[in-house]
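Dropping my_file_36.txt in here (compact mmCIF, C-alpha atoms):
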# COMPACT_ATOMS: atom_id res chain seq x y z
CA MET W 1 143.69 111.23 128.56
CA LYS W 2 145.47 114.32 127.24
CA THR W 3 142.65 114.91 124.78
CA SER W 4 140.10 114.86 127.63
CA VAL W 5 142.11 117.37 129.64
CA LYS W 6 142.37 119.67 126.62
CA PHE W 7 138.67 119.30 125.93
CA LEU W 8 137.82 120.07 129.54
CA ALA W 9 140.05 123.15 129.52
CA ALA W 10 138.50 124.34 126.27
CA LEU W 11 135.00 123.79 127.65
CA LEU W 12 135.87 125.72 130.79
CA LEU W 13 137.25 128.58 128.72
CA VAL W 14 134.10 128.71 126.60
CA THR W 15 131.92 128.64 129.71
CA ASN W 16 133.86 131.53 131.29
CA PHE W 17 133.77 133.45 128.02
CA SER W 18 130.04 132.93 127.64
CA PHE W 19 129.40 134.13 131.19
CA GLY W 20 131.59 137.15 130.58
CA GLN W 21 129.88 137.93 127.32
CA GLY W 22 126.58 137.87 129.15
CA ILE W 23 127.43 140.62 131.67
CA SER W 24 126.48 143.50 129.39
CA GLN W 25 123.27 141.79 128.30
CA ARG W 26 122.32 141.09 131.89
CA ILE W 27 122.93 144.69 132.92
CA ASP W 28 120.86 145.88 129.96
CA SER W 29 118.05 143.51 130.92
CA ILE W 30 117.84 145.01 134.42
CA ILE W 31 117.89 148.59 133.11
CA LYS W 32 115.35 147.82 130.36
CA ASP W 33 113.00 146.16 132.84
CA SER W 34 113.22 149.17 135.15
CA HIS W 35 112.48 151.57 132.29
CA GLN W 36 109.48 149.54 131.22
CA LYS W 37 108.11 149.83 134.76
CA ASN W 38 109.02 153.53 134.92
CA PRO W 39 108.70 154.77 131.33
CA ASN W 40 108.89 158.43 132.30
CA VAL W 41 112.33 158.06 133.86
CA GLY W 42 115.29 158.42 131.51
CA ILE W 43 118.31 156.27 132.40
CA SER W 44 121.91 156.25 131.24
CA VAL W 45 124.36 153.62 132.50
CA GLY W 46 128.06 153.18 131.90
CA PHE W 47 130.04 150.12 132.98
CA VAL W 48 133.73 149.29 132.75
CA LEU W 49 135.32 145.88 133.33
CA ASN W 50 139.02 145.24 132.77
CA ASN W 51 139.17 148.47 130.75
CA GLU W 52 136.31 147.37 128.45
CA GLU W 53 133.40 149.82 128.28
CA TYR W 54 129.70 149.12 127.99
CA TYR W 55 126.76 151.54 127.83
CA THR W 56 123.00 151.33 127.79
CA ALA W 57 120.34 154.04 127.96
CA TYR W 58 116.57 154.44 127.77
CA GLY W 59 114.26 157.42 127.46
CA ASN W 60 114.11 160.74 125.61
CA LEU W 61 116.03 163.94 126.28
CA ASN W 62 112.73 165.75 126.78
CA ALA W 63 109.00 165.32 126.24
CA GLU W 64 108.96 167.51 123.11
CA SER W 65 111.74 165.67 121.30
CA GLN W 66 112.26 162.15 120.05
CA ALA W 67 116.01 162.50 120.64
CA LYS W 68 117.12 159.57 122.76
CA ILE W 69 119.23 159.61 125.88
CA ASP W 70 122.60 157.98 125.27
CA LYS W 71 126.05 157.76 126.84
CA ASN W 72 126.77 161.37 125.83
CA SER W 73 123.65 162.90 127.40
CA ILE W 74 124.41 165.44 130.12
CA PHE W 75 123.11 164.96 133.67
CA GLU W 76 123.64 166.64 137.01
CA ILE W 77 125.92 164.27 138.90
CA ALA W 78 125.13 166.26 142.06
CA SER W 79 127.00 164.99 145.13
CA ILE W 80 129.13 162.62 143.07
CA THR W 81 131.03 165.89 142.61
CA LYS W 82 132.26 165.32 146.18
CA ILE W 83 134.46 162.39 145.14
CA LEU W 84 136.01 164.56 142.43
CA THR W 85 136.76 167.17 145.08
CA SER W 86 138.18 164.62 147.51
CA ASN W 87 140.36 163.23 144.70
CA LEU W 88 141.69 166.74 144.12
CA ILE W 89 142.40 167.07 147.85
CA ALA W 90 144.31 163.78 147.74
CA GLN W 91 146.25 165.02 144.70
CA ALA W 92 147.15 168.15 146.67
CA ALA W 93 148.39 165.94 149.50
CA ILE W 94 150.55 163.94 147.06
CA GLU W 95 151.95 167.23 145.76
CA LYS W 96 152.67 168.29 149.37
CA LYS W 97 150.39 171.30 149.09
CA LEU W 98 148.71 170.12 152.30
CA LYS W 99 148.51 167.21 154.70
CA LEU W 100 145.22 165.44 155.28
CA GLU W 101 145.79 165.53 159.06
CA ASP W 102 146.45 169.29 159.04
CA TYR W 103 144.00 171.55 160.84
CA ILE W 104 141.92 173.70 158.53
CA ASP W 105 142.63 176.99 160.35
CA SER W 106 145.55 178.20 158.23
CA TYR W 107 144.13 176.82 154.97
CA LEU W 108 140.87 178.77 154.99
CA PRO W 109 140.61 182.19 153.34
CA LYS W 110 141.42 185.03 155.73
CA GLU W 111 137.76 185.98 156.17
CA TYR W 112 137.22 182.83 158.21
CA VAL W 113 138.09 183.22 161.88
CA LEU W 114 137.30 180.19 164.01
CA GLN W 115 136.26 180.89 167.57
CA SER W 116 138.99 180.21 170.12
CA ASN W 117 137.55 176.92 171.39
CA LEU W 118 137.34 175.61 167.80
CA LYS W 119 140.91 176.41 166.81
CA ASN W 120 143.19 173.48 165.92
CA LYS W 121 140.25 171.11 166.16
CA ILE W 122 138.98 170.35 162.65
CA ARG W 123 141.27 168.49 160.25
CA ILE W 124 141.07 168.53 156.46
CA SER W 125 140.22 164.82 156.55
CA ASP W 126 137.34 165.59 158.97
CA LEU W 127 135.71 167.80 156.34
CA ALA W 128 136.07 165.09 153.69
CA SER W 129 134.69 162.32 155.92
CA HIS W 130 131.66 164.23 157.22
CA GLN W 131 132.73 164.46 160.86
CA SER W 132 133.75 168.11 161.30
CA GLY W 133 130.79 168.99 163.52
CA LEU W 134 130.25 172.28 161.69
CA PRO W 135 126.64 173.37 161.11
CA ASP W 136 125.41 172.90 157.56
CA ILE W 137 123.45 174.92 155.05
CA ASP W 138 119.69 174.97 155.73
CA PHE W 139 118.32 173.60 152.44
CA GLY W 140 114.74 173.64 153.69
CA LYS W 141 114.89 177.39 154.15
CA LEU W 142 116.68 177.85 150.84
CA MET W 143 113.99 175.82 149.06
CA GLU W 144 111.34 178.17 150.41
CA LEU W 145 113.25 181.16 149.07
CA ASN W 146 113.94 179.71 145.61
CA PRO W 147 112.60 176.22 144.71
CA GLN W 148 114.38 176.23 141.34
CA GLN W 149 117.80 177.50 142.43
CA PRO W 150 117.96 176.98 146.21
CA VAL W 151 121.76 177.22 146.44
CA SER W 152 121.87 180.47 144.45
CA SER W 153 121.59 182.52 147.64
CA VAL W 154 124.56 180.76 149.24
CA THR W 155 127.55 183.08 149.05
CA LYS W 156 131.04 183.09 150.45
CA GLU W 157 129.84 185.75 152.88
CA SER W 158 126.99 183.60 154.15
CA LEU W 159 129.35 180.65 154.56
CA VAL W 160 131.82 182.81 156.48
CA ALA W 161 128.99 183.85 158.80
CA ILE W 162 128.01 180.20 159.45
CA VAL W 163 131.58 179.19 160.28
CA ASN W 164 132.56 182.30 162.24
CA ASN W 165 129.38 182.21 164.33
CA CYS W 166 129.81 178.55 165.22
CA SER W 167 130.69 178.29 168.92
CA GLU W 168 130.43 174.54 169.40
CA LEU W 169 131.10 171.43 167.31
CA LYS W 170 128.19 169.42 168.65
CA ASP W 171 128.77 166.38 166.45
CA TYR W 172 132.54 166.50 166.08
CA GLY W 173 133.90 163.02 165.41
CA LYS W 174 130.45 161.71 164.50
CA TYR W 175 129.01 161.21 161.04
CA ARG W 176 126.77 164.00 159.79
CA TYR W 177 126.51 164.49 156.04
CA SER W 178 127.87 167.92 155.19
CA THR W 179 127.64 170.16 152.16
CA ILE W 180 129.52 172.98 153.84
CA GLY W 181 132.46 170.65 154.51
CA PHE W 182 133.07 170.04 150.81
CA THR W 183 132.43 173.69 149.99
CA LEU W 184 135.25 174.55 152.41
CA LEU W 185 137.46 171.87 150.81
CA GLY W 186 136.96 173.67 147.51
CA GLN W 187 138.08 176.92 149.10
CA ILE W 188 141.10 175.20 150.62
CA LEU W 189 142.04 173.94 147.15
CA GLU W 190 141.65 177.46 145.78
CA LYS W 191 144.02 178.82 148.43
CA VAL W 192 146.78 176.21 148.03
CA TYR W 193 146.73 176.42 144.22
CA ASN W 194 145.84 180.12 143.95
CA LYS W 195 143.26 179.25 141.30
CA SER W 196 139.47 178.94 141.17
CA TYR W 197 137.90 175.54 141.77
CA ASP W 198 136.76 175.59 138.15
CA GLU W 199 140.35 176.09 136.96
CA ILE W 200 141.67 173.40 139.32
CA ILE W 201 139.23 170.64 138.35
CA THR W 202 139.69 171.54 134.67
CA SER W 203 143.50 171.46 134.76
CA LYS W 204 143.89 168.44 137.06
CA MET W 205 141.05 166.20 135.95
CA ILE W 206 138.89 167.30 133.05
CA LYS W 207 141.66 168.14 130.56
CA PRO W 208 144.18 165.39 131.48
CA LEU W 209 141.50 162.71 131.26
CA LYS W 210 139.89 164.35 128.20
CA MET W 211 136.51 164.46 129.93
CA THR W 212 135.23 166.88 127.31
CA SER W 213 131.58 166.59 128.38
CA THR W 214 132.19 167.23 132.07
CA LEU W 215 130.89 170.75 132.52
CA THR W 216 131.20 173.44 135.15
CA LYS W 217 129.91 176.96 134.51
CA ASP W 218 128.77 176.52 130.90
CA PHE W 219 126.30 173.67 130.46
CA ASN W 220 123.97 175.11 127.82
CA VAL W 221 124.36 172.17 125.44
CA LYS W 222 121.94 170.42 123.08
CA ASN W 223 122.31 166.95 124.63
CA ARG W 224 121.33 168.08 128.11
CA THR W 225 118.70 165.93 129.79
CA THR W 226 115.52 167.23 131.42
CA VAL W 227 115.43 167.60 135.18
CA HIS W 228 112.34 166.25 137.00
CA ASN W 229 111.45 166.53 140.66
CA PRO W 230 109.73 163.54 142.36
CA GLU W 231 106.31 164.91 141.36
CA GLY W 232 107.33 165.07 137.70
CA GLY W 233 107.69 168.85 137.62
CA ILE W 234 110.48 170.42 135.59
CA GLN W 235 113.49 171.71 137.51
CA GLU W 236 116.40 173.82 136.35
CA PHE W 237 119.98 172.61 136.29
CA PHE W 238 121.72 174.18 139.28
CA ASN W 239 123.82 177.20 138.36
CA TRP W 240 127.49 177.31 139.33
CA ASN W 241 128.30 179.08 142.59
CA VAL W 242 130.45 178.79 145.72
CA THR W 243 128.95 175.38 146.63
CA ALA W 244 130.21 173.85 143.36
CA PRO W 245 132.80 171.53 145.01
CA ALA W 246 129.96 169.85 146.89
CA GLY W 247 127.65 169.09 143.99
CA LEU W 248 127.43 171.27 140.89
CA VAL W 249 129.43 169.43 138.21
CA LYS W 250 127.53 168.12 135.17
CA SER W 251 128.70 165.12 133.18
CA ASN W 252 127.62 162.02 131.26
CA ALA W 253 128.05 158.26 131.41
CA SER W 254 130.93 158.29 128.93
CA ASP W 255 133.03 160.78 130.89
CA MET W 256 132.26 159.14 134.22
CA VAL W 257 133.46 155.80 132.82
CA THR W 258 136.62 157.61 131.74
CA TYR W 259 136.97 158.80 135.34
CA LEU W 260 136.38 155.27 136.66
CA LYS W 261 139.05 153.89 134.35
CA ALA W 262 141.50 156.47 135.71
CA VAL W 263 140.53 155.63 139.29
CA LEU W 264 141.13 151.92 138.69
CA ASN W 265 144.57 152.62 137.21
CA LYS W 266 147.13 153.25 139.97
CA ASP W 267 149.70 154.50 137.47
CA ASN W 268 148.12 157.92 136.89
CA LYS W 269 147.58 160.90 139.22
CA VAL W 270 143.85 160.37 139.62
CA GLY W 271 144.33 156.67 140.37
CA LYS W 272 147.06 157.32 142.93
CA ALA W 273 144.89 159.93 144.63
CA ALA W 274 141.88 157.57 144.59
CA VAL W 275 143.84 154.99 146.59
CA ILE W 276 144.30 157.61 149.31
CA THR W 277 140.58 158.45 149.33
CA GLU W 278 139.78 154.75 149.84
CA LYS W 279 141.48 154.59 153.24
CA ILE W 280 139.09 154.41 156.19
CA PHE W 281 138.85 157.83 157.85
CA TYR W 282 135.62 157.21 159.75
CA LYS W 283 133.97 154.09 161.10
CA ASP W 284 130.97 153.33 163.30
CA GLU W 285 128.54 150.43 163.61
CA LYS W 286 126.65 151.55 160.49
CA ARG W 287 129.25 152.76 158.03
CA GLU W 288 132.83 153.16 156.92
CA LEU W 289 133.94 156.27 155.07
CA GLY W 290 136.94 157.23 153.05
CA LEU W 291 137.35 160.75 151.70
CA GLY W 292 133.96 161.40 150.14
CA LEU W 293 133.45 157.66 149.61
CA ASN W 294 131.21 155.11 151.27
CA ILE W 295 133.11 151.87 151.78
CA MET W 296 130.95 148.75 151.60
CA THR W 297 132.40 145.39 152.57
CA ASP W 298 130.80 141.96 152.44
CA ASP W 299 132.28 138.47 152.71
CA LYS W 300 133.57 138.62 149.12
CA ASN W 301 134.18 142.20 148.07
CA THR W 302 135.06 145.74 149.03
CA ILE W 303 133.33 148.36 146.93
CA TYR W 304 133.52 152.14 146.97
CA MET W 305 130.37 154.11 146.33
CA LYS W 306 128.92 157.62 146.17
CA SER W 307 125.40 158.72 145.34
CA GLY W 308 124.05 162.09 144.31
CA ASP W 309 120.68 163.83 144.21
CA SER W 310 119.95 167.28 142.85
CA MET W 311 116.45 168.74 143.03
CA GLY W 312 115.51 166.78 139.92
CA GLN W 313 118.05 164.07 139.11
CA SER W 314 119.65 161.11 140.87
CA SER W 315 122.92 159.30 140.29
CA ILE W 316 125.18 156.69 141.81
CA ILE W 317 128.74 155.56 141.13
CA CYS W 318 130.42 152.42 142.42
CA TYR W 319 133.60 150.46 141.79
CA ASP W 320 135.53 147.40 142.93
CA ARG W 321 139.27 147.84 142.64
CA ALA W 322 140.10 144.15 143.21
CA LYS W 323 137.76 142.95 140.46
CA ASN W 324 138.51 145.93 138.23
CA TRP W 325 134.98 147.09 137.48
CA GLY W 326 133.07 150.33 137.90
CA ILE W 327 129.56 151.55 137.14
CA ILE W 328 127.72 154.87 136.85
CA ILE W 329 123.92 155.14 136.87
CA LEU W 330 122.25 158.43 135.92
CA LEU W 331 118.51 159.20 136.16
CA ASP W 332 116.69 162.28 134.83
CA TYR W 333 114.28 162.15 137.81
CA ARG W 334 115.05 162.67 141.47
CA ASN W 335 114.48 159.13 142.69
CA SER W 336 117.08 157.96 145.17
CA LYS W 337 115.27 154.70 145.84
CA MET W 338 115.26 153.76 142.16
CA ARG W 339 118.96 154.41 141.56
CA GLN W 340 119.88 152.43 144.68
CA THR W 341 117.56 149.58 143.68
CA LEU W 342 119.16 149.43 140.23
CA LEU W 343 122.65 149.26 141.68
CA ASN W 344 121.65 146.65 144.26
CA SER W 345 120.04 144.49 141.58
CA ILE W 346 123.08 144.68 139.28
CA TYR W 347 125.49 144.03 142.12
CA ASP W 348 123.55 141.18 143.77
CA THR W 349 122.74 139.28 140.59
CA ILE W 350 125.81 139.96 138.43
CA LEU W 351 128.78 141.57 140.12
CA LYS W 352 128.88 140.15 143.63
CA ASP W 353 129.93 136.64 142.65
CA MET W 354 131.80 137.59 139.48
CA LYS W 355 135.24 136.02 139.19
CA PRO W 356 137.99 138.51 138.37
CA ASP W 357 139.75 136.08 136.04
CA ASN W 358 138.49 135.75 132.45
CA ALA W 359 135.57 138.11 133.12
CA SER W 360 134.67 140.24 130.11
CA LEU W 361 131.72 142.04 128.63
Can you dump the structure from the file as C-alpha cells?
Amino acid sequence: MKTSVKFLAALLLVTNFSFGQGISQRIDSIIKDSHQKNPNVGISVGFVLNNEEYYTAYGNLNAESQAKIDKNSIFEIASITKILTSNLIAQAAIEKKLKLEDYIDSYLPKEYVLQSNLKNKIRISDLASHQSGLPDIDFGKLMELNPQQPVSSVTKESLVAIVNNCSELKDYGKYRYSTIGFTLLGQILEKVYNKSYDEIITSKMIKPLKMTSTLTKDFNVKNRTTVHNPEGGIQEFFNWNVTAPAGLVKSNASDMVTYLKAVLNKDNKVGKAAVITEKIFYKDEKRELGLGLNIMTDDKNTIYMKSGDSMGQSSIICYDRAKNWGIIILLDYRNSKMRQTLLNSIYDTILKDMKPDNASL
C-alpha cells in the first residue's frame, strides 16, 4: 500500500513537472504561429514565473539586415511608461514626499495657476487613475503638424496654457484616458525631488534594478527595432520631451522582465510601491483602475495590465501577483489588436488555469 502511495505521489510530481516544463513551449507556439501569419511583424516576448525567466522572439531588426530580434532588442514601450511613472509616484508617497490624496495645486510648478472653481479639486491619485477631468492634448492636430514627431511641439508652456485656461472639469470623477495627467505627474515628481524626470527614473528604477537597456534621451543604439505604422510605413522613435512620463521610455523584453520581477517582490522599493498602485482608485461598470494599471478580475485570478501604442509600435504588460507570473509583449508594428489577441490567447489557454504550486517553465 505504501509503495502505491509513493508511486502515485511520484506520478503526480512528474505530471506537474511536465505541465510546468511545457509552459515556455506553449507560449512559444502561440508567438510562432502569430508570426507565421504576420511575417512582417517582429515580436519579442519575455515571461517570468516564480523568478524563472523565459524569452522568445521572431523577426528581423529591419528589412535591410538579417539581424534577428531578441530579448535585448529595443522597442518603444509607449504608454507602459505610465506604470513606471505611477510606481515612482507611489515611491514618493512611501518616502512622504507627497500623499496620493493631496490636491495637485501646491505640487505643480509655479507657472500653473488653476482657476478658482478648480482649486482643491483634483487629487494626485485622480491624475494617475484617469479621472481628473482636465482636457487632454489634441493628438489629431499634432499629427497633422508633424506625422513623425507629433509630440515634439508639446512644451511646458503649451501644457500650462491648457491647464490654466481650463474653466470646467467636465468629466471629473469619470474615466477618460489622459496623457496630460501623467505628464503633470512627471512634473510633480520633478518638484518634490528637485530633479528632472530623467534623473528620477534613472536613480530610482533604472540603476537600482540594473535595467541597462531602458533608455530615455539617448536611444541611438544598434539593436533598436524598426518602427512601423499600421500601413507598414516607417516611423521614427519619439524623441524625449516634456511628455516623457506619459510614454517616451524605450526598453526591451529583458529589462521589462527585470522590472516585473521587482514588482512581484514586495521586499524591494519598486515592489512595495507596486502594491500601492494595485489598489482600486477608480471603478465603474466597465473597468477597475489602480494607479496607471488596469485591474482585471475573473472567477480565478486578479491580473494587472497596461498596454502601450506609439505611432509605430505596440506593447502590453501583465502580471498576476498571486500566481507569481508576469509577461511583456513587444511588437515592431502599431497593432493594438494583435498584441491584445496574443495576450488573450496566452492567458486563456495557459495562464488562467495554471496552478501556483509546482508551476515552472
- Item | Selected residue, from W:Gly308, W:Ile124, W:Asn229, W:Ile137, that lies nearest to Arg339 of chain W when counting only C-alpha atoms |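 Counting only C-alpha atoms, the residue closest to Arg339 of chain W is W:Gly308.
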- Tell me, in Å to one decimal, how far atom CA of Ile83 of chain W is from atom CA of Lys355 of chain W. 27.0 Å
- Message: Restricting the calculation to all atoms listed in the file: of W:Lys191, W:Lys71, W:Arg334, W:Lys272, which residue gets closest to Gly233 of chain W?
- Response: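 Closest candidate: W:Arg334.
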- Message: Would you compute the distance between atom CA of Ser307 of chain W and atom CA of Ile80 of chain W? Give it in Å to one decimal.
- Response: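 Separating atom CA of Ser307 of chain W from atom CA of Ile80 of chain W is a distance of 5.9 Å.
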Per residue of segment 172-282 of chain W within 12 Å of segment 117-123 of chain W, note the shortest atom pair and the distance in Å to one decimal, counting all atoms listed in the file, and order the rows by chain and increasing residue number, as a Markdown table.
| residue | atom | partner | partner_atom | distance |
| --- | --- | --- | --- | --- |
| W:Tyr172 | CA | W:Ile122 | CA | 8.2 |
| W:Gly173 | CA | W:Ile122 | CA | 9.3 |
| W:Gly181 | CA | W:Ile122 | CA | 10.4 |
| W:Leu184 | CA | W:Arg123 | CA | 11.6 |
| W:Leu185 | CA | W:Arg123 | CA | 10.7 |
| W:Ile188 | CA | W:Arg123 | CA | 11.7 |
| W:Phe281 | CA | W:Arg123 | CA | 11.2 |
- Could you give me, as a list in words, the residues within 12 Å of segment 297-299 of chain W, counting only C-alpha atoms and dropping anything in the same chain fewer than 5 positions from it? Ile280, Lys286, Arg287, Glu288, Leu289, Tyr304, Met305, Tyr319, Asp320, Tyr347, Asp348, Lys352 and Asp353 of chain W
- Query: With distances taken over all atoms listed in the file, which of W:Ala244, W:Ala161, W:Leu351, W:Met211 is nearest to Thr179 of chain W?
  - Reply: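 Answer, going by the shortest atom-to-atom distance: W:Ala244.
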- Query: With all atoms listed in the file as the atoms that count, which of W:Leu114, W:Val154, W:Ile276, W:Ile206 lies nearest to Val249 of chain W?
  - Reply: W:Ile206
Using only C-alpha atoms, can you list as a PDB file with C-alpha atoms, in the frame of the given file the residues within 9 Å of (126.1, 169.0, 127.0)?
ATOM      1  CA  ASN W  72     126.770 161.370 125.830  1.00  0.00           C
ATOM      2  CA  SER W  73     123.650 162.900 127.400  1.00  0.00           C
ATOM      3  CA  ILE W  74     124.410 165.440 130.120  1.00  0.00           C
ATOM      4  CA  PHE W  75     123.110 164.960 133.670  1.00  0.00           C
ATOM      5  CA  SER W 213     131.580 166.590 128.380  1.00  0.00           C
ATOM      6  CA  THR W 214     132.190 167.230 132.070  1.00  0.00           C
ATOM      7  CA  LEU W 215     130.890 170.750 132.520  1.00  0.00           C
ATOM      8  CA  ASP W 218     128.770 176.520 130.900  1.00  0.00           C
ATOM      9  CA  PHE W 219     126.300 173.670 130.460  1.00  0.00           C
ATOM     10  CA  ASN W 220     123.970 175.110 127.820  1.00  0.00           C
ATOM     11  CA  VAL W 221     124.360 172.170 125.440  1.00  0.00           C
ATOM     12  CA  LYS W 222     121.940 170.420 123.080  1.00  0.00           C
ATOM     13  CA  ASN W 223     122.310 166.950 124.630  1.00  0.00           C
ATOM     14  CA  ARG W 224     121.330 168.080 128.110  1.00  0.00           C
ATOM     15  CA  THR W 225     118.700 165.930 129.790  1.00  0.00           C
ATOM     16  CA  LYS W 250     127.530 168.120 135.170  1.00  0.00           C
ATOM     17  CA  SER W 251     128.700 165.120 133.180  1.00  0.00           C
ATOM     18  CA  ASN W 252     127.620 162.020 131.260  1.00  0.00           C
TER      19      ASN W 252
END
- Item | Contacts of Lys110 of chain W within 10 Å, all atoms listed in the file, excl. fewer than 3 positions in-chain, as a PyMOL selection string | chain W and resi 105-107+113+160+191
